[in-house]
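**Q** My file is start31.csv. It has CSV, C-alpha atoms:
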chain,number,residue,atom,x,y,z
A,24,MET,CA,25.8,-12.6,1.0
A,25,VAL,CA,23.4,-11.8,3.8
A,26,LEU,CA,19.9,-13.1,3.1
A,27,ASN,CA,17.2,-10.9,4.5
A,28,GLU,CA,13.4,-11.4,4.3
A,29,ARG,CA,13.1,-9.7,0.9
A,30,LYS,CA,15.8,-11.8,-0.7
A,31,ILE,CA,14.6,-15.1,0.7
A,32,THR,CA,11.0,-14.3,-0.4
A,33,PHE,CA,12.4,-13.4,-3.9
A,34,PHE,CA,14.4,-16.7,-4.2
A,35,LEU,CA,11.5,-18.8,-3.0
A,36,THR,CA,9.2,-17.0,-5.5
A,37,LEU,CA,11.6,-17.7,-8.3
A,38,ILE,CA,11.7,-21.4,-7.4
A,39,PHE,CA,7.9,-21.6,-7.2
A,40,LEU,CA,7.4,-19.8,-10.6
A,41,ALA,CA,10.1,-22.0,-12.2
A,42,LEU,CA,8.4,-25.2,-11.0
A,43,LEU,CA,5.1,-23.9,-12.1
A,44,ALA,CA,6.4,-23.1,-15.5
A,45,GLY,CA,8.0,-26.6,-15.7
A,46,PHE,CA,4.6,-28.1,-14.9
A,47,LEU,CA,3.5,-27.1,-18.5
A,48,TRP,CA,6.6,-28.7,-20.1
A,49,ILE,CA,7.6,-31.7,-18.0
A,50,SER,CA,5.4,-34.7,-17.2
A,51,VAL,CA,6.3,-37.6,-14.9
A,52,PRO,CA,2.9,-39.4,-14.2
A,53,SER,CA,4.4,-42.2,-12.2
A,54,PHE,CA,6.3,-40.0,-9.7
A,55,SER,CA,3.4,-38.8,-7.6
A,56,GLY,CA,2.5,-42.3,-6.5
A,57,SER,CA,6.1,-43.4,-5.8
A,58,LEU,CA,7.7,-43.4,-2.4
A,59,PRO,CA,9.8,-40.3,-3.0
A,60,GLY,CA,6.8,-38.6,-4.6
A,61,ASN,CA,4.6,-39.3,-1.6
A,62,LEU,CA,7.2,-38.3,0.9
A,63,ILE,CA,7.7,-35.0,-0.8
A,64,GLY,CA,3.9,-34.5,-1.0
A,65,PHE,CA,3.6,-35.3,2.7
A,66,ALA,CA,6.4,-32.8,3.6
A,67,GLY,CA,4.7,-30.2,1.4
A,68,THR,CA,1.4,-30.8,3.0
A,69,LEU,CA,2.9,-30.4,6.5
A,70,ILE,CA,4.5,-27.1,5.5
A,71,ILE,CA,1.3,-25.8,4.0
A,72,PHE,CA,-0.5,-26.7,7.3
A,73,TYR,CA,2.2,-24.7,9.1
A,74,THR,CA,0.8,-21.6,7.4
A,75,LEU,CA,-2.2,-21.9,9.8
A,76,VAL,CA,0.1,-21.1,12.7
A,77,TYR,CA,0.3,-17.4,11.7
A,78,THR,CA,-3.5,-17.2,11.3
A,79,PHE,CA,-4.1,-18.9,14.6
A,80,ARG,CA,-1.7,-16.6,16.5
A,81,LYS,CA,-3.2,-13.5,14.8
A,82,ARG,CA,-7.0,-14.4,15.0
A,83,ILE,CA,-7.1,-16.4,18.2
A,84,LEU,CA,-4.1,-15.2,20.3
A,85,HIS,CA,-4.3,-11.7,18.8
A,86,LYS,CA,-0.5,-11.5,18.4
A,87,LYS,CA,0.7,-9.1,15.7
A,88,GLY,CA,3.9,-7.5,14.5
A,89,LYS,CA,7.1,-8.8,15.9
A,90,GLN,CA,5.2,-11.3,18.1
A,91,ASN,CA,3.8,-13.0,15.0
A,92,PRO,CA,6.1,-12.3,12.0
A,93,LEU,CA,4.4,-12.7,8.6
A,94,LYS,CA,7.6,-13.7,6.9
A,95,TYR,CA,7.4,-17.3,8.2
A,96,HIS,CA,3.9,-17.6,6.8
A,97,VAL,CA,5.2,-16.4,3.5
A,98,TYR,CA,8.2,-18.8,3.5
A,99,ALA,CA,5.9,-21.7,4.3
A,100,GLY,CA,3.3,-20.5,1.7
A,101,LEU,CA,6.0,-20.7,-1.0
A,102,THR,CA,8.0,-23.8,0.1
A,103,GLY,CA,5.0,-26.1,0.7
A,104,PRO,CA,3.3,-25.4,-2.7
A,105,SER,CA,6.7,-25.8,-4.4
A,106,LEU,CA,7.0,-29.3,-2.9
A,107,ILE,CA,3.4,-30.1,-4.0
A,108,ILE,CA,4.3,-29.2,-7.6
A,109,ILE,CA,7.2,-31.6,-7.4
A,110,HIS,CA,4.9,-34.2,-5.8
A,111,SER,CA,2.4,-33.9,-8.6
A,112,GLY,CA,4.9,-35.1,-11.2
A,113,HIS,CA,3.9,-32.2,-13.3
A,114,THR,CA,0.7,-34.0,-14.3
A,115,SER,CA,-3.0,-34.0,-13.3
A,116,ALA,CA,-4.3,-37.4,-12.0
A,117,SER,CA,-7.8,-36.6,-10.7
A,118,TRP,CA,-10.3,-33.8,-10.8
A,119,ASN,CA,-9.9,-33.2,-7.0
A,120,GLY,CA,-6.2,-33.0,-7.3
A,121,THR,CA,-6.4,-30.7,-10.3
A,122,LEU,CA,-8.8,-28.4,-8.6
A,123,ALA,CA,-6.8,-28.3,-5.4
A,124,PHE,CA,-3.7,-27.6,-7.4
A,125,LEU,CA,-5.4,-24.7,-9.2
A,126,ILE,CA,-6.7,-23.3,-5.9
A,127,MET,CA,-3.3,-23.6,-4.4
A,128,VAL,CA,-1.6,-21.7,-7.2
A,129,THR,CA,-4.3,-19.0,-7.0
A,130,ILE,CA,-3.8,-18.6,-3.3
A,131,VAL,CA,0.0,-18.3,-3.7
A,132,LEU,CA,0.0,-15.9,-6.6
A,133,SER,CA,-2.8,-13.7,-5.1
A,134,GLY,CA,-1.0,-13.7,-1.8
A,135,LEU,CA,2.2,-12.5,-3.3
A,136,TYR,CA,0.5,-9.8,-5.3
A,137,GLY,CA,-1.6,-8.7,-2.3
A,138,ARG,CA,1.3,-8.6,0.0
A,139,TYR,CA,3.3,-6.4,-2.5
A,140,LEU,CA,0.5,-4.0,-3.0
A,141,LEU,CA,-0.4,-3.8,0.7
A,142,ARG,CA,3.2,-3.1,1.6
A,143,LYS,CA,3.3,-0.3,-1.0
A,144,ILE,CA,0.0,1.2,0.4
A,145,ASN,CA,1.1,1.0,4.0
A,146,ARG,CA,4.4,2.7,3.1
A,147,SER,CA,2.7,5.4,1.1
A,148,VAL,CA,0.2,6.1,3.9
A,149,LYS,CA,2.9,6.3,6.5
A,150,ASP,CA,5.0,8.7,4.3
A,151,GLN,CA,2.0,10.9,3.6
A,152,GLN,CA,0.9,11.0,7.3
A,153,ARG,CA,4.4,12.0,8.2
A,154,ASP,CA,4.4,14.7,5.5
A,155,ALA,CA,1.0,16.0,6.6
A,156,ALA,CA,2.1,16.2,10.2
A,157,GLU,CA,5.2,18.2,9.2
A,158,MET,CA,3.2,20.5,7.0
A,159,ARG,CA,0.7,21.2,9.8
A,160,GLN,CA,3.6,22.1,12.2
A,161,GLU,CA,5.0,24.4,9.5
A,162,LEU,CA,1.6,26.0,8.9
A,163,ILE,CA,1.1,26.6,12.6
A,164,SER,CA,4.6,28.2,12.8
A,165,ARG,CA,4.0,30.5,9.8
A,166,LYS,CA,0.5,31.5,11.0
A,167,SER,CA,2.1,32.8,14.2
A,168,GLN,CA,4.5,35.0,12.3
A,169,ILE,CA,2.1,36.9,10.0
A,170,ASP,CA,-0.8,39.2,10.4
A,171,ARG,CA,-4.0,37.3,9.6
A,172,GLU,CA,-6.0,40.4,8.7
A,173,ALA,CA,-3.2,41.5,6.3
A,174,CYS,CA,-3.4,38.1,4.6
A,175,ALA,CA,-7.2,38.3,4.4
A,176,ARG,CA,-6.9,41.7,2.6
A,177,VAL,CA,-4.2,40.5,0.3
A,178,LEU,CA,-5.9,37.2,-0.6
A,179,GLU,CA,-9.4,38.8,-0.5
A,180,LEU,CA,-10.6,36.1,1.8
A,181,ASP,CA,-12.9,38.4,3.8
A,182,ASP,CA,-15.5,40.4,1.9
A,183,SER,CA,-16.1,42.7,4.9
A,184,LEU,CA,-12.6,44.2,4.5
A,185,ASP,CA,-12.2,47.2,2.3
A,186,THR,CA,-9.3,46.2,0.1
A,187,ASP,CA,-9.5,49.3,-2.2
A,188,SER,CA,-8.8,51.7,0.7
A,189,ASP,CA,-5.9,49.7,1.9
A,190,GLU,CA,-3.9,49.6,-1.4
A,191,ASP,CA,-1.3,51.9,0.1
A,192,MET,CA,-0.8,49.3,2.9
A,193,TYR,CA,0.1,46.6,0.4
A,194,ASP,CA,3.3,44.8,1.4
A,195,PRO,CA,4.9,42.5,-1.3
A,196,VAL,CA,6.8,40.5,1.4
A,197,THR,CA,3.6,39.9,3.4
A,198,ALA,CA,1.7,39.1,0.2
A,199,GLY,CA,4.4,36.5,-0.7
A,200,GLN,CA,4.2,35.0,2.7
A,201,CYS,CA,0.4,34.8,2.5
A,202,GLU,CA,0.6,33.1,-0.9
A,203,GLU,CA,3.0,30.5,0.5
A,204,LEU,CA,0.7,29.9,3.5
A,205,LEU,CA,-2.2,29.3,1.1
A,206,VAL,CA,-0.2,26.9,-1.0
A,207,LEU,CA,0.8,25.0,2.1
A,208,ALA,CA,-2.8,24.8,3.4
A,209,ARG,CA,-3.9,23.4,0.0
A,210,SER,CA,-1.0,20.8,0.1
A,211,ILE,CA,-2.2,19.6,3.5
A,212,VAL,CA,-5.8,19.2,2.2
A,213,GLU,CA,-4.6,17.3,-0.9
A,214,THR,CA,-2.4,15.0,1.2
A,215,GLU,CA,-5.2,14.3,3.6
A,216,TYR,CA,-7.5,13.5,0.7
A,217,ALA,CA,-4.9,11.0,-0.7
A,218,ILE,CA,-4.6,9.4,2.8
A,219,GLN,CA,-8.4,8.9,2.8
A,220,GLY,CA,-8.2,7.3,-0.7
A,221,PHE,CA,-5.5,4.9,0.5
A,222,SER,CA,-7.7,4.1,3.6
A,223,LYS,CA,-10.6,3.2,1.3
A,224,THR,CA,-8.2,0.9,-0.7
A,225,LYS,CA,-7.2,-0.9,2.4
A,226,VAL,CA,-10.9,-1.7,3.0
A,227,LEU,CA,-10.8,-3.6,-0.3
A,228,PHE,CA,-7.7,-5.4,0.9
A,229,ASP,CA,-9.6,-6.5,4.0
A,230,ARG,CA,-12.2,-8.1,1.7
A,231,TRP,CA,-9.4,-9.7,-0.3
A,232,LEU,CA,-8.0,-11.2,2.9
A,233,LYS,CA,-11.3,-12.7,3.7
A,234,MET,CA,-11.4,-14.3,0.3
A,235,HIS,CA,-7.9,-15.5,0.8
A,236,PHE,CA,-8.9,-17.1,4.0
A,237,TYR,CA,-12.0,-18.8,2.5
A,238,LEU,CA,-9.9,-20.2,-0.4
A,239,THR,CA,-7.4,-21.6,2.1
A,240,GLY,CA,-10.2,-23.4,3.9
A,241,ILE,CA,-11.4,-24.9,0.7
A,242,LEU,CA,-7.9,-26.0,-0.2
A,243,PHE,CA,-7.3,-27.7,3.1
A,244,ALA,CA,-10.7,-29.5,2.7
A,245,MET,CA,-9.6,-30.7,-0.7
A,246,ILE,CA,-6.2,-31.8,0.5
A,247,PHE,CA,-8.0,-33.9,3.2
A,248,VAL,CA,-10.1,-35.5,0.5
A,249,HIS,CA,-7.1,-36.1,-1.7
A,250,ILE,CA,-5.3,-37.8,1.2
A,251,LEU,CA,-8.3,-40.0,2.0
A,252,SER,CA,-8.7,-41.0,-1.7
A,253,THR,CA,-5.0,-41.8,-1.9
A,254,VAL,CA,-5.3,-44.1,1.1
A,255,TYR,CA,-8.5,-45.7,-0.1
A,256,TYR,CA,-7.3,-46.6,-3.6
A,257,GLY,CA,-4.0,-47.7,-2.3
A,258,LEU,CA,-0.5,-46.3,-2.4
A,259,ARG,CA,1.3,-47.7,-5.5
A,260,TRP,CA,4.7,-47.6,-3.8
A,261,LEU,CA,3.6,-50.1,-1.1
A,262,PRO,CA,4.6,-53.8,-1.7
As structure tokens, what does this structure read like?

**A**
Amino acid sequence: MVLNERKITFFLTLIFLALLAGFLWISVPSFSGSLPGNLIGFAGTLIIFYTLVYTFRKRILHKKGKQNPLKYHVYAGLTGPSLIIIHSGHTSASWNGTLAFLIMVTIVLSGLYGRYLLRKINRSVKDQQRDAAEMRQELISRKSQIDREACARVLELDDSLDTDSDEDMYDPVTAGQCEELLVLARSIVETEYAIQGFSKTKVLFDRWLKMHFYLTGILFAMIFVHILSTVYYGLRWLP
């Protein structure tokens, strides 16, 4: 089986959710302070810090797209927290650790949800932009093939034209073409309106990204405090 980005993200998400669910049922208080527990916690912390590479390359180096793939940020953002859940021993030992744990879970879950919705929105916007462009081309093509004055008379778009005196000039074929042209123009307007709506939604996502960034900063600060407190009070696995 070939693993692509979507499948890897799906499997990592399942592992994270399974460990998170196990947090409510399994408790091993002594594990977090043991040598294996601390090594797993150290590895998880390093992987979480690796998520900053994507942000640094995007914000500072201005690298986007293929130059700075988001998938590695997602992989690290799921793997690191999964190891931290294992490190915790499925128990809360201090208020700082508990709060950091809750913030970490919030960041991961909101990140997954936001990425899913943003991908859907981007895909919808691209599809509708493509549809609008195709309809505009078709509208231009059809407008060049019909008599605009005839359409104005049939559709009664111009009050200056005397439609009563031109009843004998009524052509059902031309009338049908004019109706189709009007429907096409309305479809273009509706599609462009939908695109504007999606664009406004993306503005909300930009605000969400800022909140995601701020929460990440708080998390790293609390991780730093957690590491300092662990060193200060002593590591139980040391002789």

**Q** Counting only C-alpha atoms, figure out which residue out of A:Ser252, A:Ser53, A:Thr214, A:Asn91 gets nearest to A:Thr78.

**A**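 Among the listed residues, A:Asn91 lies closest to A:Thr78.
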
**Q** Quick one: residues within 12 Å of A:Phe33, all atoms listed in the file, excluding same-chain residues fewer than 2 positions away - as a list in words?

**A**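 The neighbour list is Leu26, Asn27, Glu28, Arg29, Lys30, Ile31, Leu35, Thr36, Leu37, Ile38, Phe39, Leu40, Lys94, Val97, Tyr98, Leu101, Thr102, Leu135 and Tyr139 of chain A.
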
**Q** Counting all atoms listed in the file, what is within 10 Å of stretch 235-241 of chain A, bar same-chain residues fewer than 2 positions away, as a list in words?

**A**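 The residues that qualify are Ile71, Thr74, Leu75, Thr78, Ala123, Ile126, Met127, Thr129, Ile130, Val131, Ser133, Gly134, Gly137, Asp229, Arg230, Trp231, Leu232, Lys233, Phe243, Ala244, Met245, Ile246 and Phe247 of chain A.
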
**Q** Could you state the separation of atom CA of A:Cys174 and atom CA of A:Ala198 in Å, given to one decimal place?

**A**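 Atom-to-atom, atom CA of A:Cys174 to atom CA of A:Ala198, that is 6.8 Å.
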
**Q** Take atom CA of A:Val212 and atom CA of A:Arg142 and report the distance between them in Å, one decimal.

**A**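 Going from atom CA of A:Val212 over to atom CA of A:Arg142 covers 24.1 Å.
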
**Q** Point out the residue among A:Arg165, A:Lys223, A:Lys86, A:His110 with the least atom-to-atom distance to A:Gln200, counting only C-alpha atoms.

**A** A:Arg165

**Q** Nearest residue to A:Gly120 out of A:Ser167, A:Ser222, A:Gln152, A:Ser55, using only C-alpha atoms?

**A**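 So, comparing all the options, the nearest one is A:Ser55.
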
**Q** Which residue out of A:Leu242, A:Leu58, A:Ile63, A:Met234 has the minimum interatomic distance to A:Ser111 when all atoms listed in the file are used?

**A**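 Counting all atoms listed in the file, the residue closest to A:Ser111 is A:Ile63.
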
**Q** I'd like the interatomic distance between atom CA of A:Ile169 and atom CA of A:Glu213, to a tenth of an Å.

**A** 23.4 Å

**Q** From the set A:Val128, A:Ile108, A:Leu207, A:Leu122, which residue has the shortest atom-to-atom contact distance to A:Glu157, counting all atoms listed in the file?

**A** A:Leu207

**Q** For each of A:Arg159, A:Arg80, A:His85, A:Lys225, take the minimum atom-to-atom distance to A:Ile144, counting all atoms listed in the file, then give the residue where this is smallest.

**A**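 Once distances to A:Ile144 are computed over all atoms listed in the file, the minimum belongs to A:Lys225.
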
**Q** Residues within 12 Å of A:Gln168, please, as a ChimeraX atom specification. Count only C-alpha atoms; anything in the same chain fewer than 3 positions from it doesn't count.

**A** /A:161-165,171,173-174,197,200-201,204
